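Just final07.tsv here, TSV, C-alpha atoms:
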```tsv
chain	number	residue	atom	x	y	z
G	130	MET	CA	-37.29	-42.88	44.59
G	131	ASN	CA	-39.69	-44.10	47.22
G	132	CYS	CA	-43.37	-43.40	47.61
G	133	VAL	CA	-46.32	-43.13	49.98
G	134	MET	CA	-49.75	-44.30	48.86
G	135	SER	CA	-53.07	-45.93	49.81
G	136	ALA	CA	-54.68	-49.33	49.17
G	137	VAL	CA	-56.85	-52.05	50.72
G	138	SER	CA	-55.03	-55.02	52.21
G	139	TYR	CA	-55.86	-58.49	53.46
G	140	GLY	CA	-54.00	-61.42	55.01
G	141	GLY	CA	-53.51	-65.06	54.03
G	142	LEU	CA	-51.52	-68.26	54.08
G	143	GLN	CA	-49.24	-69.40	51.33
G	144	ASN	CA	-47.95	-72.89	50.61
G	145	THR	CA	-44.22	-73.09	49.96
G	146	ARG	CA	-41.40	-75.52	49.47
G	147	PRO	CA	-39.75	-77.05	52.59
G	148	ASN	CA	-38.40	-74.37	54.92
G	149	HIS	CA	-37.61	-73.49	58.50
G	150	GLY	CA	-41.18	-73.05	59.83
G	151	CYS	CA	-43.98	-75.59	59.74
G	152	PHE	CA	-47.07	-76.92	61.51
G	153	LYS	CA	-49.37	-79.94	61.15
G	154	LEU	CA	-52.61	-79.52	59.26
G	155	LEU	CA	-54.15	-82.66	60.74
G	156	THR	CA	-54.26	-83.92	64.32
G	157	SER	CA	-53.53	-87.58	64.98
G	158	LYS	CA	-57.26	-88.41	64.99
G	159	GLN	CA	-58.32	-86.30	61.99
G	160	THR	CA	-58.89	-87.44	58.43
G	161	VAL	CA	-58.66	-85.26	55.35
G	162	GLU	CA	-62.41	-85.52	54.82
G	163	GLY	CA	-63.13	-84.72	58.45
G	164	LYS	CA	-60.93	-81.64	58.40
G	165	VAL	CA	-62.44	-80.32	55.16
G	166	ASP	CA	-65.99	-81.02	56.40
G	167	TYR	CA	-65.26	-79.15	59.62
G	168	ILE	CA	-63.94	-76.11	57.75
G	169	LEU	CA	-66.88	-76.09	55.37
G	170	ASP	CA	-69.46	-76.53	58.14
G	171	VAL	CA	-68.02	-73.58	60.03
G	172	PHE	CA	-67.26	-71.21	57.18
G	173	HIS	CA	-69.09	-72.18	54.03
G	174	GLU	CA	-71.64	-74.36	52.28
G	175	VAL	CA	-70.60	-76.27	49.16
G	176	SER	CA	-71.85	-79.32	47.29
G	177	GLU	CA	-68.66	-80.38	45.48
G	178	ARG	CA	-66.73	-81.76	48.45
G	179	LYS	CA	-64.89	-84.60	46.73
G	180	CYS	CA	-62.75	-82.23	44.65
G	181	LEU	CA	-61.89	-80.32	47.81
G	182	TYR	CA	-60.89	-83.57	49.54
G	183	ARG	CA	-58.53	-84.29	46.65
G	184	ASP	CA	-57.03	-80.79	46.61
G	185	PHE	CA	-56.54	-80.71	50.38
G	186	SER	CA	-54.85	-84.14	50.31
G	187	ARG	CA	-52.05	-82.68	48.17
G	188	PHE	CA	-51.04	-80.34	51.00
G	189	VAL	CA	-51.27	-82.62	54.03
G	190	ASP	CA	-47.63	-83.74	53.95
G	191	ARG	CA	-46.17	-80.46	52.80
G	192	ARG	CA	-44.50	-78.00	55.12
G	193	TYR	CA	-46.13	-74.64	55.64
G	194	ARG	CA	-45.22	-71.20	56.85
G	195	TYR	CA	-47.10	-67.99	57.36
G	196	VAL	CA	-46.76	-65.34	54.69
G	197	ARG	CA	-48.41	-61.94	54.89
G	198	CYS	CA	-50.13	-62.00	51.49
G	199	ASP	CA	-51.36	-58.43	51.71
G	200	THR	CA	-52.14	-56.60	48.49
G	201	LEU	CA	-48.74	-55.59	47.15
G	202	MET	CA	-48.20	-51.88	46.54
G	203	HIS	CA	-47.31	-50.76	43.01
G	204	ASP	CA	-46.06	-47.50	41.53
G	205	LYS	CA	-49.50	-46.66	40.13
G	206	ASP	CA	-50.92	-46.59	43.68
G	207	THR	CA	-48.44	-44.05	45.02
G	208	ASN	CA	-48.83	-40.30	45.46
G	209	VAL	CA	-45.50	-38.93	46.72
G	210	VAL	CA	-42.05	-39.01	45.10
G	211	PHE	CA	-38.87	-38.63	47.16
G	212	PHE	CA	-35.67	-37.27	45.60
G	213	SER	CA	-32.13	-37.26	46.86
G	214	PRO	CA	-30.80	-33.67	46.91
G	215	TRP	CA	-27.75	-34.99	45.07
G	216	LEU	CA	-29.84	-35.01	41.90
G	217	LYS	CA	-29.87	-31.20	41.84
G	218	ASP	CA	-26.18	-30.83	42.73
G	219	LYS	CA	-24.39	-28.76	40.08
G	220	LYS	CA	-21.25	-30.92	40.08
G	221	GLU	CA	-22.43	-34.44	40.87
G	222	GLY	CA	-26.05	-34.31	39.74
G	223	HIS	CA	-28.31	-33.12	36.94
G	224	PRO	CA	-30.00	-29.89	38.12
G	225	ASP	CA	-31.80	-29.16	34.83
G	226	PHE	CA	-33.31	-32.64	34.72
G	227	TYR	CA	-34.21	-32.38	38.42
G	228	GLN	CA	-36.12	-29.13	37.98
G	229	HIS	CA	-37.83	-30.31	34.79
G	230	LEU	CA	-39.01	-33.49	36.48
G	231	LYS	CA	-40.28	-31.64	39.56
G	232	ASN	CA	-42.24	-29.28	37.31
G	233	LEU	CA	-43.82	-32.19	35.45
G	234	LEU	CA	-44.81	-33.89	38.70
G	235	ASN	CA	-46.30	-30.64	39.98
G	236	GLU	CA	-48.37	-30.25	36.81
G	237	MET	CA	-49.68	-33.79	37.31
G	238	GLY	CA	-50.59	-33.09	40.93
G	239	VAL	CA	-47.94	-35.46	42.31
G	240	GLU	CA	-46.24	-34.24	45.48
G	241	SER	CA	-42.45	-34.42	45.66
G	242	LYS	CA	-40.13	-34.17	48.65
G	243	GLU	CA	-36.41	-34.29	49.35
G	244	LEU	CA	-34.55	-36.86	51.41
G	245	LYS	CA	-31.77	-35.96	53.83
G	246	SER	CA	-28.34	-37.47	54.59
G	247	THR	CA	-28.00	-39.30	51.26
G	248	ASN	CA	-24.64	-40.11	49.63
G	249	ASP	CA	-25.94	-40.74	46.12
G	250	TYR	CA	-28.86	-39.77	43.90
G	251	TRP	CA	-29.93	-43.35	43.04
G	252	ALA	CA	-32.50	-43.31	45.83
G	253	ARG	CA	-34.40	-46.42	44.72
G	254	ASP	CA	-31.43	-48.68	45.46
G	255	TYR	CA	-31.01	-47.84	49.15
G	256	MET	CA	-34.43	-46.63	50.29
G	257	PRO	CA	-36.97	-49.01	51.90
G	258	ILE	CA	-39.47	-50.79	49.68
G	259	GLN	CA	-43.12	-49.97	50.29
G	260	LEU	CA	-45.05	-53.21	50.81
G	261	VAL	CA	-48.52	-51.98	51.84
G	262	GLU	CA	-50.13	-48.63	52.59
G	263	ASN	CA	-48.40	-47.92	55.89
G	264	GLU	CA	-45.49	-50.33	55.93
G	265	PHE	CA	-41.98	-50.11	54.49
G	266	LEU	CA	-39.14	-52.61	54.76
G	267	LYS	CA	-35.58	-51.39	55.33
G	268	TYR	CA	-32.83	-53.81	54.29
G	269	ARG	CA	-29.03	-53.82	54.33
G	270	TYR	CA	-27.78	-51.96	51.29
G	271	TYR	CA	-24.26	-53.23	50.76
G	272	PRO	CA	-23.85	-53.94	47.02
G	273	ASP	CA	-20.72	-55.78	45.93
G	274	TYR	CA	-20.32	-53.56	42.85
G	275	LEU	CA	-19.56	-50.68	45.24
G	276	VAL	CA	-17.94	-52.57	48.11
G	277	LYS	CA	-15.50	-54.44	45.84
G	278	SER	CA	-14.94	-51.57	43.43
G	279	LYS	CA	-11.36	-50.66	42.53
G	280	ASN	CA	-12.37	-47.03	43.02
G	281	LYS	CA	-12.27	-46.51	46.80
G	282	LYS	CA	-14.62	-43.53	46.49
G	283	ASP	CA	-17.45	-45.83	45.38
G	284	ILE	CA	-17.93	-47.23	48.88
G	285	GLU	CA	-18.41	-43.67	50.13
G	286	THR	CA	-21.54	-43.42	47.97
G	287	ILE	CA	-23.33	-46.13	50.01
G	288	THR	CA	-26.19	-44.43	51.85
G	289	ASP	CA	-27.24	-45.55	55.32
G	290	ALA	CA	-31.03	-45.44	55.12
G	291	THR	CA	-31.22	-45.33	58.93
G	292	LYS	CA	-29.94	-41.73	58.75
G	293	VAL	CA	-32.42	-40.82	56.01
G	294	LEU	CA	-35.64	-42.16	57.52
G	295	PRO	CA	-36.10	-39.80	60.52
G	296	GLY	CA	-38.60	-37.11	59.62
G	297	MET	CA	-40.13	-38.99	56.68
G	298	GLY	CA	-43.15	-40.02	58.76
G	299	ILE	CA	-43.32	-43.62	57.60
G	300	SER	CA	-43.70	-46.90	59.47
G	301	CYS	CA	-40.66	-49.02	58.73
G	302	ARG	CA	-39.47	-52.43	59.88
G	303	SER	CA	-36.01	-53.85	59.24
G	304	THR	CA	-34.32	-56.99	57.97
G	305	ASN	CA	-30.63	-57.93	58.11
G	306	LEU	CA	-30.77	-59.44	54.63
G	307	ILE	CA	-28.61	-57.73	52.01
G	308	ILE	CA	-30.93	-56.48	49.27
G	309	ASP	CA	-30.65	-53.93	46.49
G	310	GLY	CA	-33.74	-51.80	45.85
G	311	GLY	CA	-33.22	-52.06	42.11
G	312	ASN	CA	-33.54	-55.81	42.46
G	313	MET	CA	-37.16	-55.75	43.63
G	314	VAL	CA	-39.86	-55.31	40.98
G	315	PRO	CA	-43.46	-55.78	42.17
G	316	CYS	CA	-45.36	-57.66	39.46
G	317	GLY	CA	-48.97	-58.34	40.38
G	318	PRO	CA	-48.86	-60.35	43.64
G	319	TYR	CA	-45.15	-61.21	43.22
G	320	ILE	CA	-41.81	-59.50	43.76
G	321	VAL	CA	-39.37	-60.39	40.98
G	322	MET	CA	-35.66	-60.55	41.91
G	323	THR	CA	-32.54	-61.86	40.20
G	324	ASP	CA	-30.66	-64.70	41.85
G	325	LYS	CA	-27.91	-62.25	42.77
G	326	VAL	CA	-29.71	-61.86	46.10
G	327	PHE	CA	-28.44	-65.35	46.96
G	328	SER	CA	-24.74	-64.62	46.34
G	329	GLU	CA	-24.94	-61.26	48.10
G	330	ASN	CA	-26.13	-63.11	51.20
G	331	ARG	CA	-23.53	-65.88	50.68
G	332	LYS	CA	-26.09	-68.52	49.81
G	333	LYS	CA	-26.29	-71.06	47.01
G	334	LYS	CA	-28.73	-70.22	44.23
G	335	ASP	CA	-30.91	-73.24	44.99
G	336	ASP	CA	-31.11	-72.60	48.75
G	337	ALA	CA	-34.82	-73.16	49.45
G	338	ASP	CA	-34.50	-72.19	53.11
G	339	PHE	CA	-33.05	-68.81	52.18
G	340	LYS	CA	-35.81	-68.18	49.62
G	341	ALA	CA	-38.37	-69.02	52.29
G	342	LEU	CA	-36.70	-66.57	54.68
G	343	LEU	CA	-36.62	-63.91	51.96
G	344	GLU	CA	-40.34	-64.32	51.30
G	345	SER	CA	-41.10	-64.26	55.02
G	346	GLU	CA	-39.22	-60.98	55.43
G	347	LEU	CA	-40.85	-59.39	52.40
G	348	GLY	CA	-44.26	-60.83	53.25
G	349	HIS	CA	-44.87	-61.68	49.57
G	350	PRO	CA	-44.02	-64.55	47.21
G	351	VAL	CA	-40.80	-63.99	45.26
G	352	VAL	CA	-40.04	-64.97	41.66
G	353	ILE	CA	-36.33	-65.58	41.09
G	354	ILE	CA	-34.92	-64.99	37.59
G	355	PRO	CA	-31.36	-65.93	36.53
G	356	TRP	CA	-28.55	-63.41	36.23
G	357	THR	CA	-24.95	-63.81	35.12
G	358	PRO	CA	-22.42	-60.99	35.61
G	359	HIS	CA	-21.30	-59.42	32.35
G	360	ASP	CA	-19.03	-56.48	31.61
G	361	ASP	CA	-22.11	-54.42	30.73
G	362	ASN	CA	-24.15	-55.57	33.75
G	363	VAL	CA	-22.51	-55.97	37.14
G	364	TYR	CA	-25.56	-54.83	39.10
G	365	GLY	CA	-27.98	-57.75	38.87
G	366	HIS	CA	-31.02	-55.47	39.14
G	367	SER	CA	-34.30	-57.01	38.07
G	368	ASP	CA	-35.57	-53.52	37.17
G	369	GLY	CA	-32.96	-53.53	34.41
G	370	PHE	CA	-34.67	-56.53	32.83
G	371	ILE	CA	-38.41	-56.12	33.29
G	372	LYS	CA	-41.29	-53.70	33.90
G	373	TRP	CA	-44.73	-54.81	35.07
G	374	CYS	CA	-47.49	-53.37	32.86
G	375	GLY	CA	-50.56	-54.37	34.84
G	376	ASP	CA	-52.58	-57.60	35.04
G	377	ASN	CA	-50.30	-60.43	33.87
G	378	ARG	CA	-48.31	-58.35	31.39
G	379	ILE	CA	-44.54	-57.82	31.64
G	380	LEU	CA	-42.34	-55.82	29.28
G	381	MET	CA	-38.83	-57.25	29.03
G	382	GLY	CA	-35.77	-55.39	27.79
G	383	ASN	CA	-33.54	-56.38	24.89
G	384	HIS	CA	-31.30	-58.70	26.92
G	385	GLY	CA	-31.90	-61.30	24.23
G	386	ASP	CA	-30.02	-59.21	21.67
G	387	CYS	CA	-26.76	-60.07	23.44
G	388	TYR	CA	-27.54	-63.02	25.73
G	389	LEU	CA	-30.16	-65.11	24.00
G	390	ASP	CA	-30.10	-68.16	26.29
G	391	GLU	CA	-30.28	-66.16	29.51
G	392	ALA	CA	-33.13	-64.03	28.18
G	393	ALA	CA	-35.02	-67.16	27.12
G	394	SER	CA	-34.57	-68.61	30.61
G	395	ILE	CA	-35.91	-65.42	32.23
G	396	ARG	CA	-38.90	-65.47	29.93
G	397	ARG	CA	-39.69	-69.14	30.60
G	398	ILE	CA	-39.66	-68.58	34.36
G	399	LEU	CA	-41.97	-65.55	34.15
G	400	GLU	CA	-44.34	-67.40	31.84
G	401	SER	CA	-44.44	-70.35	34.24
G	402	TYR	CA	-46.00	-67.94	36.77
G	403	GLY	CA	-48.70	-66.99	34.27
G	404	PHE	CA	-47.18	-63.78	32.92
G	405	GLU	CA	-47.43	-62.71	29.29
G	406	VAL	CA	-43.97	-61.43	28.33
G	407	THR	CA	-43.24	-59.02	25.49
G	408	GLU	CA	-39.56	-58.57	24.62
G	409	ILE	CA	-37.93	-55.50	23.11
G	410	ARG	CA	-35.46	-56.37	20.35
G	411	PHE	CA	-33.22	-53.95	18.46
G	412	LYS	CA	-30.98	-56.23	16.36
G	413	GLY	CA	-31.92	-56.02	12.73
G	414	LYS	CA	-34.37	-53.21	13.45
G	415	VAL	CA	-32.02	-50.25	14.04
G	416	ASP	CA	-28.80	-49.40	12.20
G	417	LYS	CA	-26.57	-48.75	15.22
G	418	THR	CA	-27.39	-50.25	18.57
G	419	CYS	CA	-25.60	-48.57	21.46
G	420	TYR	CA	-25.26	-51.67	23.65
G	421	ASP	CA	-23.55	-49.77	26.46
G	422	LEU	CA	-26.76	-47.82	27.10
G	423	ASN	CA	-29.27	-50.65	26.78
```

As structure tokens, please, write out the structure in this file.
Amino acid sequence: MNCVMSAVSYGGLQNTRPNHGCFKLLTSKQTVEGKVDYILDVFHEVSERKCLYRDFSRFVDRRYRYVRCDTLMHDKDTNVVFFSPWLKDKKEGHPDFYQHLKNLLNEMGVESKELKSTNDYWARDYMPIQLVENEFLKYRYYPDYLVKSKNKKDIETITDATKVLPGMGISCRSTNLIIDGGNMVPCGPYIVMTDKVFSENRKKKDDADFKALLESELGHPVVIIPWTPHDDNVYGHSDGFIKWCGDNRILMGNHGDCYLDEAASIRRILESYGFEVTEIRFKGKVDKTCYDLN
């Protein structure tokens, strides 16, 4: 599902690791103190300049790039839900669930609309991500779990979002990066993705240049969490691991019931960004855990 909504946005600069774009913060004749004094004289008045000299010195030799740090859009800010008509198909979909959900949304005053030219009902995976009020990003949806599937019919379920977008009335820009919509979870100011995005774009998992490019295309800082393919998880979707619950709170699934080390690694990374993580655990708490449906 994709959504339209409203919010206030602003722009900014973000410091990053070394990458493809950079500029010099100081001219050949400028000092750190001189630069900071100039900025403060023009824009602000402050008495504690020495601490600002120290902080600014840390960035002088680092490489910079421009990132559109607009306020990131979240589900709670949206007001329209889009469905694929496949969801109401009597053979391939779930018509009773579709109608029940539409009725609930209507009772809540949430508008719902139907997409066109879709090949599957998992609309979130192939539809553009909404970044700010009037801007969506369309990416290449070409997931390996469908492309490399032994079932040749799976590749036929890949939807070309270009055919779906006309008539939706949204402003959309494009990137050639291969991304899966289920692998983008907005969490506060960040977008959380599994490292599968690297392999799908034929990059090494520690490729800093690619991460910088990814953040530039999304216009927001990205948090990368680890993912290892398992028989019960070939998708690598971050939305299968976590759900943002507002502020710095994240709810994490029960991945630790089966893959303790990987779950611990995911949690450590999220906590390093200041998130408070609560894990769901079923082992020892329920008699029969249906792991296939977790």

So what do you get for atom CA of Pro214 of chain G versus atom CA of Phe226 of chain G, distance-wise?
->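 That distance, rounded to one decimal, is 12.5 Å.
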
Among the residues G:Glu285, G:Glu243, G:Asp338, G:Glu346, the one that comes closest to Met297 of chain G [using all atoms listed in the file] | G:Glu243

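Minimum distance to Gly403 of chain G across G:His384, G:Arg378, G:Lys220, G:Lys242 (counting only C-alpha atoms) occurs at G:Arg378.
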
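Closest to Val321 of chain G among G:Tyr167, G:Phe370, G:Tyr268, G:Trp215 is G:Phe370, based on all atoms listed in the file.
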
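Using all atoms listed in the file for every distance, the candidate list G:Lys164, G:Lys279, G:Lys245, G:Lys412 yields G:Lys245 as the residue closest to Leu294 of chain G.
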
Nearest to Cys374 of chain G: which of G:Gln228, G:Thr407, G:Thr156, G:Asn280 is it, counting all atoms listed in the file?
->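 Among the listed residues, G:Thr407 lies closest to Cys374 of chain G.
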
For Lys217 of chain G, list every protein, DNA or RNA residue within 12 Å, evaluated using all atoms listed in the file, and leave out those in the same chain fewer than 2 positions away; present the list as an MDAnalysis selection string.
-> chainID G and resid 212:215 219:231 243 249:250

Pairwise distance for atom CA of Val406 of chain G and atom CA of Leu347 of chain G, rounded to one decimal in Å |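 Interatomic distance here is 24.4 Å.
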
Neighbours of Leu155 of chain G within 9 Å (only C-alpha atoms; same-chain residues fewer than 3 positions away dropped), as a PDB file with C-alpha atoms, in the frame of the given file?
```pdb
ATOM      1  CA  LYS G 158     -57.260 -88.410  64.990  1.00  0.00           C
ATOM      2  CA  GLN G 159     -58.320 -86.300  61.990  1.00  0.00           C
ATOM      3  CA  THR G 160     -58.890 -87.440  58.430  1.00  0.00           C
ATOM      4  CA  VAL G 161     -58.660 -85.260  55.350  1.00  0.00           C
ATOM      5  CA  LYS G 164     -60.930 -81.640  58.400  1.00  0.00           C
ATOM      6  CA  VAL G 189     -51.270 -82.620  54.030  1.00  0.00           C
TER       7      VAL G 189
END
```

Closest of G:Tyr388, G:Val261, G:Pro318, G:Leu306 to Lys332 of chain G - atom-to-atom distances counting all atoms listed in the file |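 Closest to Lys332 of chain G, using all atoms listed in the file: G:Leu306.
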
For Leu266 of chain G, find every residue with an atom within 6 Å (counting only C-alpha atoms), except residues of its own chain fewer than 5 positions away, and show them as a PDB file with C-alpha atoms, in the coordinates of the input.
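And here's result-v2.pdb as it stands now:
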```pdb
ATOM      1  CA  PRO G 257     -36.970 -49.010  51.900  1.00  0.00           C
ATOM      2  CA  ILE G 258     -39.470 -50.790  49.680  1.00  0.00           C
ATOM      3  CA  CYS G 301     -40.660 -49.020  58.730  1.00  0.00           C
ATOM      4  CA  ARG G 302     -39.470 -52.430  59.880  1.00  0.00           C
ATOM      5  CA  SER G 303     -36.010 -53.850  59.240  1.00  0.00           C
TER       6      SER G 303
END
```

Separating atom CA of Glu329 of chain G from atom CA of His359 of chain G, to the nearest tenth of an Å, is a gap of 16.3 Å

Around all of segment 291-305 of chain G's listed atoms, make the axis-aligned box with 3 Å on each side and tell me centre and edge lengths in Å to one decimal, as lines of an AutoDock Vina configuration file.
```
center_x = -36.8
center_y = -47.5
center_z = 58.3
size_x = 19.8
size_y = 26.8
size_z = 10.5
```

Test item: residues at most 7 Å from Pro350 of chain G, all atoms listed in the file, excluding those fewer than 5 positions along its chain, as a ChimeraX atom specification = /G:319-320,344

Resulting file, chosen residues, C-alpha atoms, as an mmCIF file, in the frame of the given file:
```cif
data_model
loop_
_atom_site.group_PDB
_atom_site.id
_atom_site.type_symbol
_atom_site.label_atom_id
_atom_site.label_comp_id
_atom_site.auth_asym_id
_atom_site.auth_seq_id
_atom_site.Cartn_x
_atom_site.Cartn_y
_atom_site.Cartn_z
ATOM 1 C CA TYR G 319 -45.150 -61.210 43.220
ATOM 2 C CA ILE G 320 -41.810 -59.500 43.760
ATOM 3 C CA GLU G 344 -40.340 -64.320 51.300
#
```
